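Below: the structure, in structure tokens.
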Amino acid sequence: MEIDVNQSTQDSQASDKKSSGNALQRMLQPSSIAIVGASSDLNKVSGRPLKYLLDKGYKGAIYPINPRTQDIAGVAAVPDIASLPMGVDLAVVVLPAEQIEATVIELGKKKVPVAVVFASGFGEMGPEGKAMEASLQQAAEKAGIRILGPNCLGLFNAFNRAIATFSQYADGEMSAGPVGFISQSGAFGTAICALSRARQMGFGFFVNTGNEVDISVMELMQEMLALPELKVCSGYLEGLHNGHALAGVAEQAMQLDKPIVLTKVGRFGAGARAAASHTGSLAGEDRVFDGLVQQKGIVRARNEEHMLDIVEVLLHCERPGGKNLAIITQSGGAGVLLADRAEEVGLNVPALSETTRKAIAQVIPGFGATGNPVDVTAQFVAQPSILTESTIIALNDPDIHVGVIWLQLMHGFTDKLLEVFAEIKSRVQKPFVVVWVSASEKAITGLRERGIVVFRNGDAAVDALAAVAQYAQARRRWTLDSAQKQPGITKQPRPSRVGEGKPVPTLQALALLKAFNIPSADAELATSARAAVEIAKRVAPSGAVALKIESMDVLHKTDVGGVVLNLSTEDTIGQAFSDITERVKKAKPEARQDGVLVQAMSSGRVEFILGLKRDPVFGMVIMMGLGGVWIEVLKDVVFCQCPVTPAEAAEALERLKGAALLEAFRGQPAVNKDALIKAIVNLSQLGKACEDWLSELDLNPILLSEHGLVAVDVAMVA
């Protein structure tokens, strides 16, 4: 019977979260809030949540809990938790760490679904704090209450003015925009909120998850995506514990066409230190994370400014139909810089069609440029229609998908230029942004009021457009993949007599590859020199063979002299058998030798590598890249989560720095990419089918040619 190998886990998670979903909804949109430990001094941390609720006009019920007063700022105080009405939506706990667990238990008795815990002094403080955190988690589970935090800044909903935070960010204006933002960092998260406000792009929702003893970023992202008020979700991550949850959220976002933009730090942190394969040694959390988010259509931002740039373009621009950029500028030098950056980040700057160039030539001065970039010169200041018409003509070119307009200064012409850009926006269907160097605040505000995204420098604009084009491409690919759903994948049992962490015998590994239609060179095992000669006649009747040591104690055969290539005579084959066994015995005397593998020699133009690894965060992942002996040096690889679709595999190949080697060059034909994509898809399905027991697998090298491919070496570890 064919089953989805993840289904039981997903069913269990769905059951666990069914009741918690309602709790998170009530947390994000509370109609009543209790403040445990509320101070009558509204300037204190413990007084600010009530101050902000009152200042911002929260309309729900508020229950400040303070046994020493009957009234705080005109709101009736409650002496203790026991005096609360049943089922308050949200509790904000502003007590020290040592009082949190008992407080949570009491809140559970009053059926409060969620408690926001500000207090620090938990897991971030070392072993003792971690023990307190574990105890709090157990107590909360027993009490039936969810925890946001501890050590967090809380949250706000700018739509209904539910301000459950002590952050000074809430002192300022809180406009409700269609963006949800979740941060694992409190201070940095509110700094990003402040940057957003400075751009006149308010966040509708903000949540800081703190230590994440319970409620996680991915759970909250799932809830935010479902909110009709939001069009884009964004987040700041310092770590990730559940890669499957991230993939599920990405799928939900694609279904809703609500982009997710994430900034994740730790890009160059330590990855896997000890691994049995190239795949294992190259698979660090961030490298795999980066591959998964690109595979699943999540947009990754380098930093907070880049994240807000992308969010702003996603909010105000239509999705581009491709990656071809038109550049319209008043400066030839600026145009060249923009073009250079565009190609660097994956956009194309194609030459405009002859028809388009002729039309632009009728508009701009003779000393301008009609190619791409289009240089309209400073003459447009005296005749604004030059900029208007040339931009519209360029964007109407059928090979152009998105545009950027560059200008500088022009303070005395702000009003007229605002009219020009508004007219362009009304007359074109394709997205565009403006780069206005040294623009006045009036110009920036005026453009934003008209729904036109404006940048202060070219790199930021091009980088944001590239990210949005990447999302649009991923959405198109997802739509195609959704119409071609893959069947379920049958689980594969662990090979017989293979223990956990042990190598899988080569012949068993090759049989598994064959079962999943992954081409590999014919091979048999010889236990004597004479047997090696006879096997060579069968596996390569008219060609050469390779001999390789077969030992479960030797993972890297070449390191111990265990490989000899291009053998074509009986004498050389017999001698090679003896030489290999002797070299391995000297290099690794404790290794048990099972024999020598006799394998047909294969040929190909490009050496490639495919690998699998069971990642503790992301599950089974597949690696692909340029292979051979240079794999650890060049490290030109990309990762995807298993299984992958043909479209995902094709796009992943495009991300390789050496992707051009797969194409025709210097009289050499292109490799058979269709065969390679099929092998990637099949291997990813093998990985998913063996996820319960397979640890690592390397196919290196795989020899690629215009005719197809063949895997000539396999290393598989259970």
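Identifiers in this document derive from the order of the structure tokens: chains are assigned A, B, ..., residues are numbered from 1 separately in each chain, and ligands are numbered from 1 in order of occurrence.
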
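Residues with any atom within 6 Å of stretch 609-624 of chain A, counting only C-alpha atoms and excluding same-chain neighbours fewer than 2 positions away, are His241, Asn242, Gly243, His244, Thr279, Leu626, Gly627, Val637, Val638, Phe639, Cys640, Gln641, Cys642, Ser695, Glu696, Leu697, Asp698, Leu699, Asn700, Pro701 and Ile702 of chain A.
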
Just write the chosen residues, N, CA, C and O atoms, as a JSON list (two decimals), in the first residue's frame.
[["chain", "number", "residue", "atom", "x", "y", "z"],
["A", 241, "HIS", "N", 13.62, 25.08, 14.76],
["A", 241, "HIS", "CA", 13.59, 23.75, 15.36],
["A", 241, "HIS", "C", 12.79, 22.75, 14.55],
["A", 241, "HIS", "O", 12.91, 21.55, 14.77],
["A", 242, "ASN", "N", 11.97, 23.21, 13.62],
["A", 242, "ASN", "CA", 11.07, 22.31, 12.90],
["A", 242, "ASN", "C", 10.98, 22.71, 11.44],
["A", 242, "ASN", "O", 10.21, 23.58, 11.06],
["A", 243, "GLY", "N", 11.82, 22.06, 10.62],
["A", 243, "GLY", "CA", 11.84, 22.36, 9.20],
["A", 243, "GLY", "C", 10.57, 21.94, 8.49],
["A", 243, "GLY", "O", 10.15, 22.56, 7.51],
["A", 244, "HIS", "N", 9.92, 20.86, 8.97],
["A", 244, "HIS", "CA", 8.67, 20.43, 8.36],
["A", 244, "HIS", "C", 7.58, 21.48, 8.57],
["A", 244, "HIS", "O", 6.74, 21.71, 7.70],
["A", 279, "THR", "N", 27.91, 14.99, 1.44],
["A", 279, "THR", "CA", 26.62, 15.62, 1.73],
["A", 279, "THR", "C", 26.52, 15.98, 3.20],
["A", 279, "THR", "O", 26.11, 17.08, 3.57],
["A", 626, "LEU", "N", 28.23, 20.35, -8.45],
["A", 626, "LEU", "CA", 29.35, 19.89, -9.25],
["A", 626, "LEU", "C", 30.20, 18.97, -8.39],
["A", 626, "LEU", "O", 30.55, 19.32, -7.26],
["A", 627, "GLY", "N", 30.51, 17.78, -8.91],
["A", 627, "GLY", "CA", 31.13, 16.76, -8.08],
["A", 627, "GLY", "C", 32.58, 16.51, -8.37],
["A", 627, "GLY", "O", 33.31, 17.39, -8.84],
["A", 637, "VAL", "N", 27.10, 23.69, -4.17],
["A", 637, "VAL", "CA", 25.97, 22.77, -3.99],
["A", 637, "VAL", "C", 24.74, 23.55, -3.54],
["A", 637, "VAL", "O", 24.84, 24.66, -3.00],
["A", 638, "VAL", "N", 23.58, 22.94, -3.78],
["A", 638, "VAL", "CA", 22.33, 23.47, -3.24],
["A", 638, "VAL", "C", 21.58, 22.31, -2.60],
["A", 638, "VAL", "O", 21.75, 21.15, -2.99],
["A", 639, "PHE", "N", 20.74, 22.64, -1.63],
["A", 639, "PHE", "CA", 19.93, 21.64, -0.92],
["A", 639, "PHE", "C", 18.46, 21.91, -1.15],
["A", 639, "PHE", "O", 18.02, 23.06, -1.29],
["A", 640, "CYS", "N", 17.67, 20.83, -1.16],
["A", 640, "CYS", "CA", 16.21, 20.92, -1.17],
["A", 640, "CYS", "C", 15.67, 19.86, -0.21],
["A", 640, "CYS", "O", 16.33, 18.86, 0.06],
["A", 641, "GLN", "N", 14.47, 20.09, 0.26],
["A", 641, "GLN", "CA", 13.80, 19.10, 1.10],
["A", 641, "GLN", "C", 13.17, 18.03, 0.21],
["A", 641, "GLN", "O", 12.63, 18.32, -0.85],
["A", 642, "CYS", "N", 13.25, 16.78, 0.62],
["A", 642, "CYS", "CA", 12.67, 15.68, -0.14],
["A", 642, "CYS", "C", 11.18, 15.51, 0.18],
["A", 642, "CYS", "O", 10.78, 15.69, 1.33],
["A", 695, "SER", "N", 20.69, 7.51, 6.85],
["A", 695, "SER", "CA", 21.37, 8.65, 7.44],
["A", 695, "SER", "C", 22.00, 9.54, 6.37],
["A", 695, "SER", "O", 21.73, 10.74, 6.31],
["A", 696, "GLU", "N", 22.84, 8.94, 5.51],
["A", 696, "GLU", "CA", 23.51, 9.71, 4.48],
["A", 696, "GLU", "C", 23.70, 8.85, 3.23],
["A", 696, "GLU", "O", 23.80, 7.62, 3.32],
["A", 697, "LEU", "N", 23.77, 9.52, 2.09],
["A", 697, "LEU", "CA", 24.06, 8.84, 0.83],
["A", 697, "LEU", "C", 24.78, 9.81, -0.08],
["A", 697, "LEU", "O", 24.41, 10.97, -0.17],
["A", 698, "ASP", "N", 25.81, 9.32, -0.75],
["A", 698, "ASP", "CA", 26.52, 10.10, -1.76],
["A", 698, "ASP", "C", 26.56, 9.32, -3.06],
["A", 698, "ASP", "O", 26.90, 8.12, -3.07],
["A", 699, "LEU", "N", 26.25, 9.96, -4.16],
["A", 699, "LEU", "CA", 26.54, 9.47, -5.50],
["A", 699, "LEU", "C", 27.56, 10.43, -6.08],
["A", 699, "LEU", "O", 27.21, 11.50, -6.56],
["A", 700, "ASN", "N", 28.84, 10.05, -6.01],
["A", 700, "ASN", "CA", 29.90, 10.95, -6.44],
["A", 700, "ASN", "C", 31.10, 10.15, -6.93],
["A", 700, "ASN", "O", 31.69, 9.39, -6.18],
["A", 701, "PRO", "N", 31.44, 10.31, -8.23],
["A", 701, "PRO", "CA", 30.77, 11.22, -9.16],
["A", 701, "PRO", "C", 29.63, 10.54, -9.91],
["A", 701, "PRO", "O", 29.58, 9.32, -10.04],
["A", 702, "ILE", "N", 28.75, 11.38, -10.42],
["A", 702, "ILE", "CA", 27.81, 11.00, -11.46],
["A", 702, "ILE", "C", 28.34, 11.62, -12.74],
["A", 702, "ILE", "O", 28.61, 12.82, -12.79]]

For this session: If you run DSSP over the backbone, which residues in stretch 286-452 of chain A end up strand (DSSP E or B)? Put them as a ChimeraX atom specification.
Result: /A:299-301,324-329,348,369,374-375,402-408,432-437

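Shortest atom-to-atom contact with A:Leu653 among A:Gln593, A:Gln252, A:Ser216, A:Gln294: A:Gln294, counting only C-alpha atoms.
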
For this session: May I have the residues within 9 Å of stretch 553-562 of chain A as a ChimeraX atom specification, using only C-alpha atoms and disregarding those fewer than 4 positions away in the same chain?
Result: /A:276-277,502-503,547-549,579-581,583-588,590-593,596,715

Keeping N, CA, C and O atoms for every residue in the selection just given, could you write it to a file as an mmCIF file, in the first residue's frame?
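Saved as out_7.cif:
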data_model
loop_
_atom_site.group_PDB
_atom_site.id
_atom_site.type_symbol
_atom_site.label_atom_id
_atom_site.label_comp_id
_atom_site.auth_asym_id
_atom_site.auth_seq_id
_atom_site.Cartn_x
_atom_site.Cartn_y
_atom_site.Cartn_z
ATOM 1 N N ALA A 276 29.900 11.117 7.387
ATOM 2 C CA ALA A 276 30.465 10.030 6.607
ATOM 3 C C ALA A 276 30.480 10.326 5.126
ATOM 4 O O ALA A 276 31.066 9.576 4.356
ATOM 5 N N SER A 277 29.834 11.384 4.693
ATOM 6 C CA SER A 277 29.717 11.677 3.265
ATOM 7 C C SER A 277 29.980 13.144 3.007
ATOM 8 O O SER A 277 29.983 13.970 3.920
ATOM 9 N N LYS A 502 25.765 2.297 10.237
ATOM 10 C CA LYS A 502 26.690 1.428 9.515
ATOM 11 C C LYS A 502 26.535 1.610 8.007
ATOM 12 O O LYS A 502 25.445 1.868 7.511
ATOM 13 N N PRO A 503 27.628 1.422 7.259
ATOM 14 C CA PRO A 503 27.525 1.499 5.798
ATOM 15 C C PRO A 503 26.650 0.377 5.245
ATOM 16 O O PRO A 503 26.605 -0.734 5.787
ATOM 17 N N LEU A 547 38.328 -1.333 -10.239
ATOM 18 C CA LEU A 547 38.287 -2.192 -9.061
ATOM 19 C C LEU A 547 38.298 -1.317 -7.813
ATOM 20 O O LEU A 547 39.109 -0.384 -7.718
ATOM 21 N N LYS A 548 37.418 -1.660 -6.871
ATOM 22 C CA LYS A 548 37.285 -0.846 -5.656
ATOM 23 C C LYS A 548 37.133 -1.768 -4.454
ATOM 24 O O LYS A 548 36.364 -2.729 -4.500
ATOM 25 N N ILE A 549 37.840 -1.460 -3.405
ATOM 26 C CA ILE A 549 37.737 -2.258 -2.198
ATOM 27 C C ILE A 549 36.316 -2.213 -1.646
ATOM 28 O O ILE A 549 35.654 -1.172 -1.706
ATOM 29 N N ASP A 579 46.940 -5.977 -5.432
ATOM 30 C CA ASP A 579 47.507 -4.717 -4.932
ATOM 31 C C ASP A 579 46.539 -3.994 -3.997
ATOM 32 O O ASP A 579 46.949 -3.466 -2.953
ATOM 33 N N ILE A 580 45.278 -3.963 -4.389
ATOM 34 C CA ILE A 580 44.281 -3.264 -3.559
ATOM 35 C C ILE A 580 44.171 -3.906 -2.191
ATOM 36 O O ILE A 580 44.194 -3.219 -1.155
ATOM 37 N N THR A 581 44.028 -5.224 -2.157
ATOM 38 C CA THR A 581 43.850 -5.894 -0.865
ATOM 39 C C THR A 581 45.065 -5.692 0.036
ATOM 40 O O THR A 581 44.922 -5.526 1.255
ATOM 41 N N ARG A 583 47.274 -3.067 -0.106
ATOM 42 C CA ARG A 583 47.353 -1.659 0.314
ATOM 43 C C ARG A 583 46.372 -1.366 1.446
ATOM 44 O O ARG A 583 46.711 -0.667 2.407
ATOM 45 N N VAL A 584 45.166 -1.861 1.322
ATOM 46 C CA VAL A 584 44.161 -1.616 2.359
ATOM 47 C C VAL A 584 44.565 -2.294 3.662
ATOM 48 O O VAL A 584 44.387 -1.735 4.758
ATOM 49 N N LYS A 585 45.148 -3.512 3.561
ATOM 50 C CA LYS A 585 45.587 -4.228 4.764
ATOM 51 C C LYS A 585 46.662 -3.445 5.512
ATOM 52 O O LYS A 585 46.670 -3.378 6.743
ATOM 53 N N LYS A 586 47.567 -2.802 4.750
ATOM 54 C CA LYS A 586 48.623 -2.011 5.385
ATOM 55 C C LYS A 586 48.081 -0.697 5.948
ATOM 56 O O LYS A 586 48.458 -0.271 7.037
ATOM 57 N N ALA A 587 47.214 -0.042 5.178
ATOM 58 C CA ALA A 587 46.707 1.265 5.606
ATOM 59 C C ALA A 587 45.717 1.148 6.759
ATOM 60 O O ALA A 587 45.655 2.018 7.629
ATOM 61 N N LYS A 588 44.946 0.060 6.762
ATOM 62 C CA LYS A 588 43.905 -0.091 7.784
ATOM 63 C C LYS A 588 43.799 -1.569 8.157
ATOM 64 O O LYS A 588 42.855 -2.265 7.756
ATOM 65 N N GLU A 590 42.923 -3.172 10.666
ATOM 66 C CA GLU A 590 41.753 -3.652 11.424
ATOM 67 C C GLU A 590 40.509 -3.792 10.565
ATOM 68 O O GLU A 590 39.488 -4.354 11.005
ATOM 69 N N ALA A 591 40.545 -3.292 9.331
ATOM 70 C CA ALA A 591 39.358 -3.307 8.471
ATOM 71 C C ALA A 591 39.084 -4.708 7.937
ATOM 72 O O ALA A 591 39.990 -5.382 7.434
ATOM 73 N N ARG A 592 37.829 -5.117 8.025
ATOM 74 C CA ARG A 592 37.422 -6.389 7.437
ATOM 75 C C ARG A 592 37.159 -6.185 5.950
ATOM 76 O O ARG A 592 36.360 -5.332 5.563
ATOM 77 N N GLN A 593 37.809 -6.990 5.120
ATOM 78 C CA GLN A 593 37.642 -6.865 3.674
ATOM 79 C C GLN A 593 36.625 -7.898 3.187
ATOM 80 O O GLN A 593 36.783 -9.094 3.409
ATOM 81 N N VAL A 596 36.427 -7.261 -3.517
ATOM 82 C CA VAL A 596 36.713 -6.126 -4.388
ATOM 83 C C VAL A 596 35.573 -5.994 -5.392
ATOM 84 O O VAL A 596 35.183 -6.976 -6.038
ATOM 85 N N ALA A 715 28.029 5.747 -1.772
ATOM 86 C CA ALA A 715 28.322 5.533 -0.359
ATOM 87 C C ALA A 715 27.029 5.775 0.399
ATOM 88 O O ALA A 715 26.473 6.878 0.362
#

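The space between atom CA of A:Glu304 and atom CA of A:Leu227 spans 23.4 Å.
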
Exercise. Distance atom CA of A:Asp71-atom CA of A:Ala38, one decimal place?
Worked result: 10.7 Å

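Shortest atom-to-atom contact with A:Val402 among A:Leu347, A:Ile424, A:Ala689, A:Leu694: A:Leu347, counting only C-alpha atoms.
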
Give me the stretch 126-206 of chain A side of the contact with stretch 48-52 of chain A, cut-off 7 Å, one line per residue showing its nearest atom pair and distance in Å at one decimal, counting only C-alpha atoms, sorted by chain and residue number, as JSON lines.
{"residue": "A:Ile163", "atom": "CA", "partner": "A:Tyr52", "partner_atom": "CA", "distance": 6.1}
{"residue": "A:Ala164", "atom": "CA", "partner": "A:Pro49", "partner_atom": "CA", "distance": 5.6}
{"residue": "A:Thr165", "atom": "CA", "partner": "A:Pro49", "partner_atom": "CA", "distance": 5.6}
{"residue": "A:Phe166", "atom": "CA", "partner": "A:Arg48", "partner_atom": "CA", "distance": 5.3}
{"residue": "A:Ala170", "atom": "CA", "partner": "A:Tyr52", "partner_atom": "CA", "distance": 6.7}

Store the residues picked out above in a file with N, CA and C atoms, as an mmCIF file, in the first residue's frame.
data_model
loop_
_atom_site.group_PDB
_atom_site.id
_atom_site.type_symbol
_atom_site.label_atom_id
_atom_site.label_comp_id
_atom_site.auth_asym_id
_atom_site.auth_seq_id
_atom_site.Cartn_x
_atom_site.Cartn_y
_atom_site.Cartn_z
ATOM 1 N N ILE A 163 -2.525 46.031 22.768
ATOM 2 C CA ILE A 163 -1.090 46.290 22.919
ATOM 3 C C ILE A 163 -0.605 45.550 24.163
ATOM 4 N N ALA A 164 -0.077 44.355 23.986
ATOM 5 C CA ALA A 164 0.367 43.532 25.114
ATOM 6 C C ALA A 164 1.888 43.508 25.146
ATOM 7 N N THR A 165 2.476 44.675 25.363
ATOM 8 C CA THR A 165 3.925 44.804 25.378
ATOM 9 C C THR A 165 4.325 45.908 26.338
ATOM 10 N N PHE A 166 5.610 45.910 26.727
ATOM 11 C CA PHE A 166 6.145 47.033 27.505
ATOM 12 C C PHE A 166 7.142 47.839 26.682
ATOM 13 N N ALA A 170 5.594 51.339 21.475
ATOM 14 C CA ALA A 170 4.163 51.639 21.574
ATOM 15 C C ALA A 170 3.896 53.077 22.001
#

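All residues of protein, DNA or RNA that reach within 9 Å of A:Gly60, judged by only C-alpha atoms and not counting those fewer than 4 positions away in the chain, are Pro30, Ser31, Ser32, Ile33, Asn160 and Ala162 of chain A.
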
For this session: May I have all residues of stretch 449-518 of chain A that DSSP, computed from the backbone, assigns to helix (DSSP H, G or I), given as a PyMOL selection string?
Result: chain A and resi 449+458-482+506-515

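The interatomic distance for the pair atom CA of A:Leu525 and atom CA of A:Met552 works out to 13.5 Å.
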
Could you make a table, as CSV, of the residues of stretch 426-467 of chain A that have an atom within 12 Å of an atom of stretch 472-478 of chain A, each with its nearest atom pair and distance in Å to one decimal, counting only C-alpha atoms, in chain and number order?
residue,atom,partner,partner_atom,distance
A:Leu465,CA,A:Ala472,CA,10.4
A:Ala466,CA,A:Ala472,CA,9.9
A:Ala467,CA,A:Ala472,CA,8.7

Keeping only C-alpha atoms, write those residues as a tab-separated table (two decimals), in the first residue's frame.
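For reference, again30.tsv as written:
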chain	number	residue	atom	x	y	z
A	465	LEU	CA	13.03	43.62	-7.38
A	466	ALA	CA	15.16	40.48	-7.73
A	467	ALA	CA	13.61	39.04	-4.56

Problem set entry | Selected residue of minimal separation from A:Cys193 among A:Glu305, A:Glu223, A:Asp463, A:Glu238, counting only C-alpha atoms | A:Glu305

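You can rank A:Pro589, A:Pro495, A:Gly595, A:Pro643 by their closest distance to A:Phe577 using only C-alpha atoms, and at the top of that list sits A:Gly595.
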
Problem set entry | Within 10 Å of A:Leu262 using only C-alpha atoms, minus same-chain residues under 3 positions, as a PyMOL selection string | chain A and resi 181-183+233-237+259+265+293+298-304+307

Go ahead and write the selection's residues with N, CA and C atoms as a PDB file, in the first residue's frame.
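The result, stored in selection-v5.pdb:
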ATOM      1  N   PHE A 181       4.387  40.632  11.433  1.00  0.00           N
ATOM      2  CA  PHE A 181       5.816  40.489  11.698  1.00  0.00           C
ATOM      3  C   PHE A 181       6.019  39.720  12.988  1.00  0.00           C
ATOM      4  N   ILE A 182       6.837  38.666  12.917  1.00  0.00           N
ATOM      5  CA  ILE A 182       7.159  37.837  14.080  1.00  0.00           C
ATOM      6  C   ILE A 182       8.667  37.831  14.244  1.00  0.00           C
ATOM      7  N   SER A 183       9.127  38.020  15.467  1.00  0.00           N
ATOM      8  CA  SER A 183      10.564  38.102  15.710  1.00  0.00           C
ATOM      9  C   SER A 183      10.964  37.243  16.897  1.00  0.00           C
ATOM     10  N   CYS A 233       3.548  38.349   5.216  1.00  0.00           N
ATOM     11  CA  CYS A 233       4.058  38.012   6.541  1.00  0.00           C
ATOM     12  C   CYS A 233       5.584  38.042   6.511  1.00  0.00           C
ATOM     13  N   SER A 234       6.166  38.530   7.590  1.00  0.00           N
ATOM     14  CA  SER A 234       7.617  38.648   7.657  1.00  0.00           C
ATOM     15  C   SER A 234       8.103  38.157   9.008  1.00  0.00           C
ATOM     16  N   GLY A 235       9.386  37.864   9.081  1.00  0.00           N
ATOM     17  CA  GLY A 235       9.905  37.352  10.339  1.00  0.00           C
ATOM     18  C   GLY A 235      11.403  37.513  10.458  1.00  0.00           C
ATOM     19  N   TYR A 236      11.861  37.554  11.725  1.00  0.00           N
ATOM     20  CA  TYR A 236      13.285  37.588  12.040  1.00  0.00           C
ATOM     21  C   TYR A 236      13.590  36.338  12.862  1.00  0.00           C
ATOM     22  N   LEU A 237      14.488  35.488  12.352  1.00  0.00           N
ATOM     23  CA  LEU A 237      14.800  34.216  12.992  1.00  0.00           C
ATOM     24  C   LEU A 237      16.250  34.173  13.452  1.00  0.00           C
ATOM     25  N   PRO A 259       2.991  36.288   0.366  1.00  0.00           N
ATOM     26  CA  PRO A 259       4.429  36.035   0.476  1.00  0.00           C
ATOM     27  C   PRO A 259       4.923  36.088   1.917  1.00  0.00           C
ATOM     28  N   VAL A 265      19.569  35.012  10.887  1.00  0.00           N
ATOM     29  CA  VAL A 265      20.982  35.235  11.185  1.00  0.00           C
ATOM     30  C   VAL A 265      21.676  33.895  11.366  1.00  0.00           C
ATOM     31  N   VAL A 293      14.069  27.357   1.738  1.00  0.00           N
ATOM     32  CA  VAL A 293      13.216  28.527   1.546  1.00  0.00           C
ATOM     33  C   VAL A 293      13.127  28.905   0.070  1.00  0.00           C
ATOM     34  N   ILE A 298       9.703  30.909  -0.136  1.00  0.00           N
ATOM     35  CA  ILE A 298       9.885  31.925   0.901  1.00  0.00           C
ATOM     36  C   ILE A 298      11.022  32.847   0.461  1.00  0.00           C
ATOM     37  N   VAL A 299      10.846  34.139   0.664  1.00  0.00           N
ATOM     38  CA  VAL A 299      11.862  35.109   0.260  1.00  0.00           C
ATOM     39  C   VAL A 299      12.783  35.372   1.440  1.00  0.00           C
ATOM     40  N   ARG A 300      14.076  35.223   1.228  1.00  0.00           N
ATOM     41  CA  ARG A 300      15.034  35.471   2.305  1.00  0.00           C
ATOM     42  C   ARG A 300      15.685  36.834   2.115  1.00  0.00           C
ATOM     43  N   ALA A 301      15.692  37.609   3.180  1.00  0.00           N
ATOM     44  CA  ALA A 301      16.297  38.936   3.160  1.00  0.00           C
ATOM     45  C   ALA A 301      17.607  38.915   3.943  1.00  0.00           C
ATOM     46  N   ARG A 302      18.574  39.706   3.493  1.00  0.00           N
ATOM     47  CA  ARG A 302      19.880  39.729   4.159  1.00  0.00           C
ATOM     48  C   ARG A 302      19.821  40.376   5.525  1.00  0.00           C
ATOM     49  N   ASN A 303      19.041  41.431   5.661  1.00  0.00           N
ATOM     50  CA  ASN A 303      19.009  42.205   6.893  1.00  0.00           C
ATOM     51  C   ASN A 303      17.662  42.914   6.996  1.00  0.00           C
ATOM     52  N   GLU A 304      17.514  43.759   8.019  1.00  0.00           N
ATOM     53  CA  GLU A 304      16.217  44.381   8.273  1.00  0.00           C
ATOM     54  C   GLU A 304      15.804  45.354   7.175  1.00  0.00           C
ATOM     55  N   MET A 307      14.724  43.396   4.148  1.00  0.00           N
ATOM     56  CA  MET A 307      13.418  42.799   4.394  1.00  0.00           C
ATOM     57  C   MET A 307      12.295  43.803   4.156  1.00  0.00           C
TER      58      MET A 307
END

For this session: For stretch 149-151 of chain A, please output as number ranges by chain all residues within 8 Å (counting only C-alpha atoms; exclusion window: fewer than 6 positions along the same chain).
Result: A: 116-122, 208-215

For this session: May I have the residues within 10 Å of A:Ala359 as a VMD selection string, using only C-alpha atoms and disregarding those fewer than 3 positions away in the same chain?
Result: chain A and resid 353 to 356 362 to 364 370 389 to 390 393 to 394

Problem set entry | Pick from A:Leu240, A:Val374, A:Met218, A:Gln470, whichever lies nearest to A:Gly266 using only C-alpha atoms | A:Leu240

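Taking only C-alpha atoms into account, A:Met716 lies nearest to A:Leu510 out of the set A:Leu510, A:Val533, A:Ala670, A:Leu325.
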